Amino acid sequence: MSEIRKHYFLPEYCIIAEERAKRPSDFVGAAEGSEGSEGSQESSFESCVFCGGNEEKTPPATAVYKNGEVFADSGEKRVRNWDFRCFPNLYPALSPAPPPPGFQGKDPEVLPGFGFHEVIVESPLHGKKLEDFSDNEISGLMNVYKDRVCHYTAHEKIRYVSLFKNSGKNAGASQDHPHSQLIALPVCPQVLERELKAIREVKECPYCAIIEKEKVSPRLIHENSKFMAFAPYYSIGPFEIWVLPKKHISFLGDFSPELLFALGEILRVILRNYAKVLGNLPYNYMFYQLFETPEYHLNLRLVPRLSTAAGFELNTGIYINTVSPEKAASYLRGDE
């Protein structure tokens, strides 16, 4: 019989439909098209604007990470032989440009589309995947994440920085080359406001309580000295994973080098496990964090794009999950 499961601390629900359960092999055909799946660096170089050597094909970089130092493009001059490269999105959702004259008078409920939209290219090599990164590469990327988030949260008008990765066309990626994105907003998203309200209504951090619950549950997938990864009891889709720091911390800007390395290590393990079980799947991962809000507990969520929200989900906000988190964790641990 199916189960209706409640979120850990929010009035939200999902349906775990075991009778409709699928094995990982049932998803493999639908899991094609994540980044790096087609061609090599050589075959894709001419058409891919993110590849090393094609720097003139993107807007000038705001930050270029090379051999442990940070540079920026200057005018027509481009920094070459980089490790990570960050530049404004060519088609931004938000822009730092001032609004046109008279904009504010149109509608008091409308805010100018102020903000920043940045692309973080994770490697100059077209076919490079995060699960294949070396220790230095994965910890370097986590340091770039921290640095860029801090750069934008320092802006007086920014209230939230959304840091995320879309991998594969079905996950929203328009470029095959490995990259992440961030969008810096002048407002705090409703999902974070709702969580923060619930957190402030209880004495202890709900996420710290989740750690205590899930570290001894059949949903635990992997842990290291600083983080744990598990399939959440409330899972809105097959093979969803949450990653939580074991120590209460709210913001990437407060991460030490040791924490950044441990974060990269556990993320790499998860992506390798995904690849082993589900093949070349499209997925998203998103950081949930708040700066200057110590009550919040940072978390990273990974969602493979293996199902589609249909009428019921859109009508109710209740998602039907055909793979229980307990079964998903078992597959990802390699038990089956």
# chains A, B, ... in the order shown; residues from 1 in each chain; ligands from 1
$ residues_around --residues "A:Ile15" --least-positions-apart "6" --cutoff "7 Å" --atoms "only C-alpha atoms" --output "PyMOL selection string"
chain A and resi 2-5+319-321
$ write_last_selection --atoms "all heavy atoms" --output "compact mmCIF listing (two decimals), in the first residue's frame"
# COMPACT_ATOMS: atom_id res chain seq x y z
N SER A 2 0.49 2.27 -0.73
CA SER A 2 1.26 3.50 -0.77
C SER A 2 1.21 4.22 0.58
O SER A 2 0.36 3.93 1.43
CB SER A 2 0.74 4.43 -1.87
OG SER A 2 -0.58 4.81 -1.61
N GLU A 3 2.15 5.16 0.77
CA GLU A 3 2.22 5.93 2.01
C GLU A 3 2.19 7.42 1.70
O GLU A 3 2.81 7.87 0.73
CB GLU A 3 3.52 5.62 2.77
CG GLU A 3 3.66 4.20 3.25
CD GLU A 3 4.99 3.99 3.96
OE1 GLU A 3 5.81 4.94 4.03
OE2 GLU A 3 5.21 2.87 4.44
N ILE A 4 1.48 8.16 2.51
CA ILE A 4 1.53 9.62 2.47
C ILE A 4 2.47 10.06 3.58
O ILE A 4 2.22 9.81 4.76
CB ILE A 4 0.14 10.25 2.68
CG1 ILE A 4 -0.82 9.78 1.58
CG2 ILE A 4 0.24 11.77 2.67
CD1 ILE A 4 -2.24 10.26 1.77
N ARG A 5 3.59 10.65 3.21
CA ARG A 5 4.61 11.02 4.19
C ARG A 5 4.68 12.54 4.34
O ARG A 5 4.65 13.27 3.35
CB ARG A 5 5.99 10.48 3.78
CG ARG A 5 6.07 8.97 3.81
CD ARG A 5 7.50 8.51 3.62
NE ARG A 5 7.61 7.06 3.67
CZ ARG A 5 8.76 6.39 3.60
NH1 ARG A 5 9.91 7.06 3.49
NH2 ARG A 5 8.77 5.08 3.65
N TYR A 319 3.94 15.42 -4.38
CA TYR A 319 4.62 14.68 -5.43
C TYR A 319 4.51 13.18 -5.19
O TYR A 319 4.59 12.71 -4.06
CB TYR A 319 6.09 15.09 -5.49
CG TYR A 319 6.28 16.47 -6.10
CD1 TYR A 319 6.04 17.61 -5.34
CD2 TYR A 319 6.68 16.62 -7.42
CE1 TYR A 319 6.19 18.88 -5.90
CE2 TYR A 319 6.84 17.88 -7.98
CZ TYR A 319 6.59 18.99 -7.21
OH TYR A 319 6.74 20.23 -7.77
N ILE A 320 4.32 12.44 -6.28
CA ILE A 320 4.28 10.98 -6.23
C ILE A 320 5.66 10.45 -6.57
O ILE A 320 6.19 10.73 -7.66
CB ILE A 320 3.23 10.42 -7.20
CG1 ILE A 320 1.83 10.94 -6.84
CG2 ILE A 320 3.25 8.89 -7.18
CD1 ILE A 320 0.75 10.55 -7.84
N ASN A 321 6.24 9.69 -5.66
CA ASN A 321 7.57 9.13 -5.82
C ASN A 321 7.45 7.62 -5.96
O ASN A 321 6.94 6.95 -5.06
CB ASN A 321 8.44 9.50 -4.61
CG ASN A 321 9.87 9.02 -4.75
OD1 ASN A 321 10.22 8.31 -5.68
ND2 ASN A 321 10.70 9.41 -3.79
$ residues_around --residues "A:Ser123" --least-positions-apart "5" --cutoff "12 Å" --atoms "only C-alpha atoms" --output "number ranges by chain"
A: 36, 41, 50-53, 64-66, 81-86, 128-130, 132-134, 137-138, 140-141, 144, 177-180
$ write_last_selection --atoms "C-alpha atoms" --output "PDB file, in the first residue's frame"
ATOM      1  CA  GLY A  36      29.751  15.673 -21.106  1.00  0.00           C
ATOM      2  CA  GLN A  41      37.003  18.264 -25.976  1.00  0.00           C
ATOM      3  CA  PHE A  50      32.843  27.377 -22.537  1.00  0.00           C
ATOM      4  CA  CYS A  51      35.903  25.374 -23.643  1.00  0.00           C
ATOM      5  CA  GLY A  52      39.369  26.592 -22.803  1.00  0.00           C
ATOM      6  CA  GLY A  53      40.700  28.605 -25.743  1.00  0.00           C
ATOM      7  CA  VAL A  64      39.297  33.515 -13.278  1.00  0.00           C
ATOM      8  CA  TYR A  65      40.928  30.961 -10.984  1.00  0.00           C
ATOM      9  CA  LYS A  66      44.362  29.834 -12.076  1.00  0.00           C
ATOM     10  CA  ASN A  81      45.010  28.307 -19.146  1.00  0.00           C
ATOM     11  CA  TRP A  82      42.567  28.652 -16.267  1.00  0.00           C
ATOM     12  CA  ASP A  83      41.175  26.118 -13.819  1.00  0.00           C
ATOM     13  CA  PHE A  84      37.750  27.720 -13.218  1.00  0.00           C
ATOM     14  CA  ARG A  85      36.164  30.663 -14.992  1.00  0.00           C
ATOM     15  CA  CYS A  86      33.215  32.879 -13.945  1.00  0.00           C
ATOM     16  CA  LYS A 128      35.193  16.570 -17.643  1.00  0.00           C
ATOM     17  CA  LYS A 129      32.662  15.387 -15.050  1.00  0.00           C
ATOM     18  CA  LEU A 130      32.633  16.233 -11.350  1.00  0.00           C
ATOM     19  CA  ASP A 132      36.123  12.344 -12.179  1.00  0.00           C
ATOM     20  CA  PHE A 133      37.637  15.419 -10.487  1.00  0.00           C
ATOM     21  CA  SER A 134      40.834  14.998  -8.482  1.00  0.00           C
ATOM     22  CA  GLU A 137      39.907  19.986  -8.493  1.00  0.00           C
ATOM     23  CA  ILE A 138      36.845  19.204  -6.382  1.00  0.00           C
ATOM     24  CA  GLY A 140      39.041  24.011  -5.722  1.00  0.00           C
ATOM     25  CA  LEU A 141      35.513  24.136  -7.109  1.00  0.00           C
ATOM     26  CA  VAL A 144      35.110  28.946  -5.988  1.00  0.00           C
ATOM     27  CA  HIS A 177      30.058  21.791 -20.976  1.00  0.00           C
ATOM     28  CA  PRO A 178      30.268  21.243 -17.167  1.00  0.00           C
ATOM     29  CA  HIS A 179      29.183  24.389 -15.371  1.00  0.00           C
ATOM     30  CA  SER A 180      27.219  25.719 -12.412  1.00  0.00           C
TER      31      SER A 180
END
$ closest_atom_pairs --of "stretch 51-105 of chain A" --to "stretch 186-191 of chain A" --cutoff "12 Å" --atoms "only C-alpha atoms" --output "tab-separated table"
residue	atom	partner	partner_atom	distance
A:Leu94	CA	A:Pro186	CA	10.0
A:Ser95	CA	A:Pro186	CA	11.1
A:Pro96	CA	A:Pro186	CA	10.6
$ closest_residue --among "A:Glu118, A:Gly172, A:Lys327, A:Ala231" --to "A:Ile210" --atoms "only C-alpha atoms"
A:Ala231
$ select_by_dssp --residues "stretch 41-163 of chain A" --states "strand (DSSP E)" --output "PDB file with all heavy atoms, in the first residue's frame"
ATOM      1  N   ALA A  63      35.814  36.664 -12.700  1.00  0.00           N
ATOM      2  CA  ALA A  63      36.781  35.978 -11.834  1.00  0.00           C
ATOM      3  C   ALA A  63      37.311  34.764 -12.582  1.00  0.00           C
ATOM      4  O   ALA A  63      36.548  33.953 -13.094  1.00  0.00           O
ATOM      5  CB  ALA A  63      36.142  35.553 -10.521  1.00  0.00           C
ATOM      6  N   VAL A  64      38.634  34.651 -12.642  1.00  0.00           N
ATOM      7  CA  VAL A  64      39.297  33.515 -13.278  1.00  0.00           C
ATOM      8  C   VAL A  64      40.267  32.924 -12.257  1.00  0.00           C
ATOM      9  O   VAL A  64      41.132  33.636 -11.729  1.00  0.00           O
ATOM     10  CB  VAL A  64      40.059  33.940 -14.552  1.00  0.00           C
ATOM     11  CG1 VAL A  64      40.686  32.728 -15.229  1.00  0.00           C
ATOM     12  CG2 VAL A  64      39.147  34.683 -15.512  1.00  0.00           C
ATOM     13  N   TYR A  65      40.106  31.646 -11.990  1.00  0.00           N
ATOM     14  CA  TYR A  65      40.928  30.961 -10.984  1.00  0.00           C
ATOM     15  C   TYR A  65      41.989  30.140 -11.699  1.00  0.00           C
ATOM     16  O   TYR A  65      41.680  29.274 -12.514  1.00  0.00           O
ATOM     17  CB  TYR A  65      40.046  30.084 -10.098  1.00  0.00           C
ATOM     18  CG  TYR A  65      39.047  30.895  -9.296  1.00  0.00           C
ATOM     19  CD1 TYR A  65      37.878  31.373  -9.895  1.00  0.00           C
ATOM     20  CD2 TYR A  65      39.289  31.215  -7.966  1.00  0.00           C
ATOM     21  CE1 TYR A  65      36.977  32.144  -9.181  1.00  0.00           C
ATOM     22  CE2 TYR A  65      38.388  31.981  -7.239  1.00  0.00           C
ATOM     23  CZ  TYR A  65      37.238  32.440  -7.859  1.00  0.00           C
ATOM     24  OH  TYR A  65      36.342  33.201  -7.148  1.00  0.00           O
ATOM     25  N   LYS A  66      43.243  30.441 -11.372  1.00  0.00           N
ATOM     26  CA  LYS A  66      44.362  29.834 -12.076  1.00  0.00           C
ATOM     27  C   LYS A  66      45.522  29.632 -11.106  1.00  0.00           C
ATOM     28  O   LYS A  66      46.016  30.601 -10.518  1.00  0.00           O
ATOM     29  CB  LYS A  66      44.786  30.742 -13.240  1.00  0.00           C
ATOM     30  CG  LYS A  66      45.992  30.270 -14.028  1.00  0.00           C
ATOM     31  CD  LYS A  66      46.293  31.238 -15.165  1.00  0.00           C
ATOM     32  CE  LYS A  66      47.525  30.833 -15.934  1.00  0.00           C
ATOM     33  NZ  LYS A  66      47.824  31.754 -17.058  1.00  0.00           N
ATOM     34  N   GLU A  69      45.381  31.392  -7.763  1.00  0.00           N
ATOM     35  CA  GLU A  69      45.216  32.839  -7.759  1.00  0.00           C
ATOM     36  C   GLU A  69      43.951  33.225  -8.522  1.00  0.00           C
ATOM     37  O   GLU A  69      43.432  32.451  -9.319  1.00  0.00           O
ATOM     38  CB  GLU A  69      46.434  33.527  -8.378  1.00  0.00           C
ATOM     39  CG  GLU A  69      47.736  33.316  -7.612  1.00  0.00           C
ATOM     40  CD  GLU A  69      48.872  34.137  -8.192  1.00  0.00           C
ATOM     41  OE1 GLU A  69      48.831  35.389  -8.050  1.00  0.00           O
ATOM     42  OE2 GLU A  69      49.787  33.552  -8.798  1.00  0.00           O
ATOM     43  N   VAL A  70      43.483  34.451  -8.255  1.00  0.00           N
ATOM     44  CA  VAL A  70      42.255  34.923  -8.880  1.00  0.00           C
ATOM     45  C   VAL A  70      42.573  36.127  -9.764  1.00  0.00           C
ATOM     46  O   VAL A  70      43.237  37.077  -9.320  1.00  0.00           O
ATOM     47  CB  VAL A  70      41.193  35.324  -7.828  1.00  0.00           C
ATOM     48  CG1 VAL A  70      39.876  35.685  -8.522  1.00  0.00           C
ATOM     49  CG2 VAL A  70      40.969  34.197  -6.833  1.00  0.00           C
ATOM     50  N   PHE A  71      42.101  36.072 -11.004  1.00  0.00           N
ATOM     51  CA  PHE A  71      42.311  37.148 -11.962  1.00  0.00           C
ATOM     52  C   PHE A  71      40.962  37.578 -12.524  1.00  0.00           C
ATOM     53  O   PHE A  71      39.929  37.017 -12.187  1.00  0.00           O
ATOM     54  CB  PHE A  71      43.221  36.676 -13.108  1.00  0.00           C
ATOM     55  CG  PHE A  71      44.543  36.117 -12.669  1.00  0.00           C
ATOM     56  CD1 PHE A  71      44.673  34.767 -12.347  1.00  0.00           C
ATOM     57  CD2 PHE A  71      45.654  36.928 -12.573  1.00  0.00           C
ATOM     58  CE1 PHE A  71      45.894  34.247 -11.943  1.00  0.00           C
ATOM     59  CE2 PHE A  71      46.887  36.424 -12.168  1.00  0.00           C
ATOM     60  CZ  PHE A  71      47.004  35.068 -11.851  1.00  0.00           C
ATOM     61  N   PHE A  84      39.182  27.431 -13.312  1.00  0.00           N
ATOM     62  CA  PHE A  84      37.750  27.720 -13.218  1.00  0.00           C
ATOM     63  C   PHE A  84      37.539  29.142 -13.745  1.00  0.00           C
ATOM     64  O   PHE A  84      38.386  30.007 -13.538  1.00  0.00           O
ATOM     65  CB  PHE A  84      37.244  27.626 -11.774  1.00  0.00           C
ATOM     66  CG  PHE A  84      37.651  26.359 -11.066  1.00  0.00           C
ATOM     67  CD1 PHE A  84      38.747  26.346 -10.211  1.00  0.00           C
ATOM     68  CD2 PHE A  84      36.941  25.182 -11.248  1.00  0.00           C
ATOM     69  CE1 PHE A  84      39.134  25.192  -9.562  1.00  0.00           C
ATOM     70  CE2 PHE A  84      37.316  24.014 -10.604  1.00  0.00           C
ATOM     71  CZ  PHE A  84      38.423  24.022  -9.766  1.00  0.00           C
ATOM     72  N   ARG A  85      36.387  29.356 -14.372  1.00  0.00           N
ATOM     73  CA  ARG A  85      36.164  30.663 -14.992  1.00  0.00           C
ATOM     74  C   ARG A  85      34.720  31.104 -14.747  1.00  0.00           C
ATOM     75  O   ARG A  85      33.779  30.344 -14.973  1.00  0.00           O
ATOM     76  CB  ARG A  85      36.454  30.579 -16.495  1.00  0.00           C
ATOM     77  CG  ARG A  85      36.459  31.900 -17.232  1.00  0.00           C
ATOM     78  CD  ARG A  85      37.058  31.757 -18.628  1.00  0.00           C
ATOM     79  NE  ARG A  85      37.134  33.067 -19.280  1.00  0.00           N
ATOM     80  CZ  ARG A  85      36.215  33.542 -20.109  1.00  0.00           C
ATOM     81  NH1 ARG A  85      35.148  32.800 -20.419  1.00  0.00           N
ATOM     82  NH2 ARG A  85      36.355  34.740 -20.652  1.00  0.00           N
ATOM     83  N   CYS A  86      34.542  32.346 -14.285  1.00  0.00           N
ATOM     84  CA  CYS A  86      33.215  32.879 -13.945  1.00  0.00           C
ATOM     85  C   CYS A  86      32.950  34.142 -14.763  1.00  0.00           C
ATOM     86  O   CYS A  86      33.799  35.034 -14.814  1.00  0.00           O
ATOM     87  CB  CYS A  86      33.143  33.220 -12.452  1.00  0.00           C
ATOM     88  SG  CYS A  86      33.704  31.884 -11.354  1.00  0.00           S
ATOM     89  N   PHE A  87      31.759  34.212 -15.351  1.00  0.00           N
ATOM     90  CA  PHE A  87      31.413  35.384 -16.160  1.00  0.00           C
ATOM     91  C   PHE A  87      29.901  35.572 -16.157  1.00  0.00           C
ATOM     92  O   PHE A  87      29.139  34.626 -15.871  1.00  0.00           O
ATOM     93  CB  PHE A  87      31.932  35.233 -17.596  1.00  0.00           C
ATOM     94  CG  PHE A  87      31.568  33.944 -18.261  1.00  0.00           C
ATOM     95  CD1 PHE A  87      30.343  33.784 -18.888  1.00  0.00           C
ATOM     96  CD2 PHE A  87      32.453  32.874 -18.254  1.00  0.00           C
ATOM     97  CE1 PHE A  87      29.999  32.592 -19.507  1.00  0.00           C
ATOM     98  CE2 PHE A  87      32.119  31.673 -18.868  1.00  0.00           C
ATOM     99  CZ  PHE A  87      30.888  31.533 -19.491  1.00  0.00           C
ATOM    100  N   PRO A  88      29.421  36.772 -16.467  1.00  0.00           N
ATOM    101  CA  PRO A  88      27.971  37.014 -16.494  1.00  0.00           C
ATOM    102  C   PRO A  88      27.281  36.156 -17.546  1.00  0.00           C
ATOM    103  O   PRO A  88      27.808  35.960 -18.645  1.00  0.00           O
ATOM    104  CB  PRO A  88      27.865  38.505 -16.844  1.00  0.00           C
ATOM    105  CG  PRO A  88      29.191  39.077 -16.463  1.00  0.00           C
ATOM    106  CD  PRO A  88      30.203  37.995 -16.719  1.00  0.00           C
ATOM    107  N   PHE A 116      22.144  39.650 -10.147  1.00  0.00           N
ATOM    108  CA  PHE A 116      23.314  39.177 -10.884  1.00  0.00           C
ATOM    109  C   PHE A 116      23.091  37.719 -11.275  1.00  0.00           C
ATOM    110  O   PHE A 116      22.541  36.940 -10.496  1.00  0.00           O
ATOM    111  CB  PHE A 116      24.578  39.298 -10.035  1.00  0.00           C
ATOM    112  CG  PHE A 116      24.881  40.697  -9.583  1.00  0.00           C
ATOM    113  CD1 PHE A 116      24.332  41.193  -8.408  1.00  0.00           C
ATOM    114  CD2 PHE A 116      25.710  41.525 -10.335  1.00  0.00           C
ATOM    115  CE1 PHE A 116      24.599  42.486  -7.972  1.00  0.00           C
ATOM    116  CE2 PHE A 116      25.984  42.816  -9.910  1.00  0.00           C
ATOM    117  CZ  PHE A 116      25.427  43.306  -8.729  1.00  0.00           C
ATOM    118  N   HIS A 117      23.528  37.363 -12.468  1.00  0.00           N
ATOM    119  CA  HIS A 117      23.383  35.991 -12.965  1.00  0.00           C
ATOM    120  C   HIS A 117      24.730  35.582 -13.541  1.00  0.00           C
ATOM    121  O   HIS A 117      25.164  36.131 -14.555  1.00  0.00           O
ATOM    122  CB  HIS A 117      22.273  35.936 -14.021  1.00  0.00           C
ATOM    123  CG  HIS A 117      21.893  34.550 -14.422  1.00  0.00           C
ATOM    124  ND1 HIS A 117      20.784  34.286 -15.221  1.00  0.00           N
ATOM    125  CD2 HIS A 117      22.449  33.329 -14.166  1.00  0.00           C
ATOM    126  CE1 HIS A 117      20.685  32.980 -15.411  1.00  0.00           C
ATOM    127  NE2 HIS A 117      21.689  32.389 -14.793  1.00  0.00           N
ATOM    128  N   GLU A 118      25.383  34.632 -12.898  1.00  0.00           N
ATOM    129  CA  GLU A 118      26.755  34.286 -13.261  1.00  0.00           C
ATOM    130  C   GLU A 118      26.884  32.808 -13.591  1.00  0.00           C
ATOM    131  O   GLU A 118      26.249  31.946 -12.980  1.00  0.00           O
ATOM    132  CB  GLU A 118      27.690  34.632 -12.103  1.00  0.00           C
ATOM    133  CG  GLU A 118      29.162  34.400 -12.392  1.00  0.00           C
ATOM    134  CD  GLU A 118      30.055  34.989 -11.307  1.00  0.00           C
ATOM    135  OE1 GLU A 118      30.292  36.208 -11.322  1.00  0.00           O
ATOM    136  OE2 GLU A 118      30.509  34.209 -10.431  1.00  0.00           O
ATOM    137  N   VAL A 119      27.729  32.519 -14.574  1.00  0.00           N
ATOM    138  CA  VAL A 119      28.079  31.155 -14.957  1.00  0.00           C
ATOM    139  C   VAL A 119      29.431  30.806 -14.334  1.00  0.00           C
ATOM    140  O   VAL A 119      30.364  31.616 -14.362  1.00  0.00           O
ATOM    141  CB  VAL A 119      28.163  31.011 -16.487  1.00  0.00           C
ATOM    142  CG1 VAL A 119      28.659  29.625 -16.886  1.00  0.00           C
ATOM    143  CG2 VAL A 119      26.813  31.295 -17.125  1.00  0.00           C
ATOM    144  N   ILE A 120      29.529  29.620 -13.760  1.00  0.00           N
ATOM    145  CA  ILE A 120      30.787  29.116 -13.195  1.00  0.00           C
ATOM    146  C   ILE A 120      31.200  27.903 -14.014  1.00  0.00           C
ATOM    147  O   ILE A 120      30.615  26.824 -13.884  1.00  0.00           O
ATOM    148  CB  ILE A 120      30.625  28.734 -11.713  1.00  0.00           C
ATOM    149  CG1 ILE A 120      30.163  29.939 -10.894  1.00  0.00           C
ATOM    150  CG2 ILE A 120      31.942  28.176 -11.158  1.00  0.00           C
ATOM    151  CD1 ILE A 120      29.789  29.599  -9.459  1.00  0.00           C
ATOM    152  N   VAL A 121      32.172  28.071 -14.897  1.00  0.00           N
ATOM    153  CA  VAL A 121      32.650  26.955 -15.709  1.00  0.00           C
ATOM    154  C   VAL A 121      33.633  26.144 -14.874  1.00  0.00           C
ATOM    155  O   VAL A 121      34.627  26.666 -14.374  1.00  0.00           O
ATOM    156  CB  VAL A 121      33.301  27.455 -17.014  1.00  0.00           C
ATOM    157  CG1 VAL A 121      33.765  26.274 -17.864  1.00  0.00           C
ATOM    158  CG2 VAL A 121      32.311  28.305 -17.804  1.00  0.00           C
ATOM    159  N   TYR A 160      19.701  37.194  -1.150  1.00  0.00           N
ATOM    160  CA  TYR A 160      19.857  35.746  -1.295  1.00  0.00           C
ATOM    161  C   TYR A 160      20.654  35.435  -2.550  1.00  0.00           C
ATOM    162  O   TYR A 160      20.478  36.089  -3.590  1.00  0.00           O
ATOM    163  CB  TYR A 160      18.487  35.055  -1.388  1.00  0.00           C
ATOM    164  CG  TYR A 160      18.584  33.543  -1.404  1.00  0.00           C
ATOM    165  CD1 TYR A 160      18.841  32.823  -0.244  1.00  0.00           C
ATOM    166  CD2 TYR A 160      18.432  32.834  -2.598  1.00  0.00           C
ATOM    167  CE1 TYR A 160      18.947  31.444  -0.264  1.00  0.00           C
ATOM    168  CE2 TYR A 160      18.539  31.451  -2.625  1.00  0.00           C
ATOM    169  CZ  TYR A 160      18.797  30.769  -1.446  1.00  0.00           C
ATOM    170  OH  TYR A 160      18.905  29.397  -1.462  1.00  0.00           O
ATOM    171  N   VAL A 161      21.529  34.425  -2.459  1.00  0.00           N
ATOM    172  CA  VAL A 161      22.282  33.957  -3.623  1.00  0.00           C
ATOM    173  C   VAL A 161      21.929  32.495  -3.857  1.00  0.00           C
ATOM    174  O   VAL A 161      22.190  31.637  -3.010  1.00  0.00           O
ATOM    175  CB  VAL A 161      23.800  34.114  -3.423  1.00  0.00           C
ATOM    176  CG1 VAL A 161      24.547  33.524  -4.616  1.00  0.00           C
ATOM    177  CG2 VAL A 161      24.172  35.582  -3.241  1.00  0.00           C
ATOM    178  N   SER A 162      21.315  32.226  -4.993  1.00  0.00           N
ATOM    179  CA  SER A 162      20.959  30.869  -5.385  1.00  0.00           C
ATOM    180  C   SER A 162      22.128  30.256  -6.141  1.00  0.00           C
ATOM    181  O   SER A 162      22.513  30.747  -7.206  1.00  0.00           O
ATOM    182  CB  SER A 162      19.703  30.877  -6.261  1.00  0.00           C
ATOM    183  OG  SER A 162      19.419  29.592  -6.763  1.00  0.00           O
ATOM    184  N   LEU A 163      22.693  29.192  -5.582  1.00  0.00           N
ATOM    185  CA  LEU A 163      23.821  28.493  -6.196  1.00  0.00           C
ATOM    186  C   LEU A 163      23.336  27.109  -6.600  1.00  0.00           C
ATOM    187  O   LEU A 163      22.835  26.352  -5.766  1.00  0.00           O
ATOM    188  CB  LEU A 163      24.975  28.395  -5.194  1.00  0.00           C
ATOM    189  CG  LEU A 163      26.196  27.576  -5.610  1.00  0.00           C
ATOM    190  CD1 LEU A 163      26.863  28.160  -6.847  1.00  0.00           C
ATOM    191  CD2 LEU A 163      27.189  27.488  -4.452  1.00  0.00           C
TER     192      LEU A 163
END
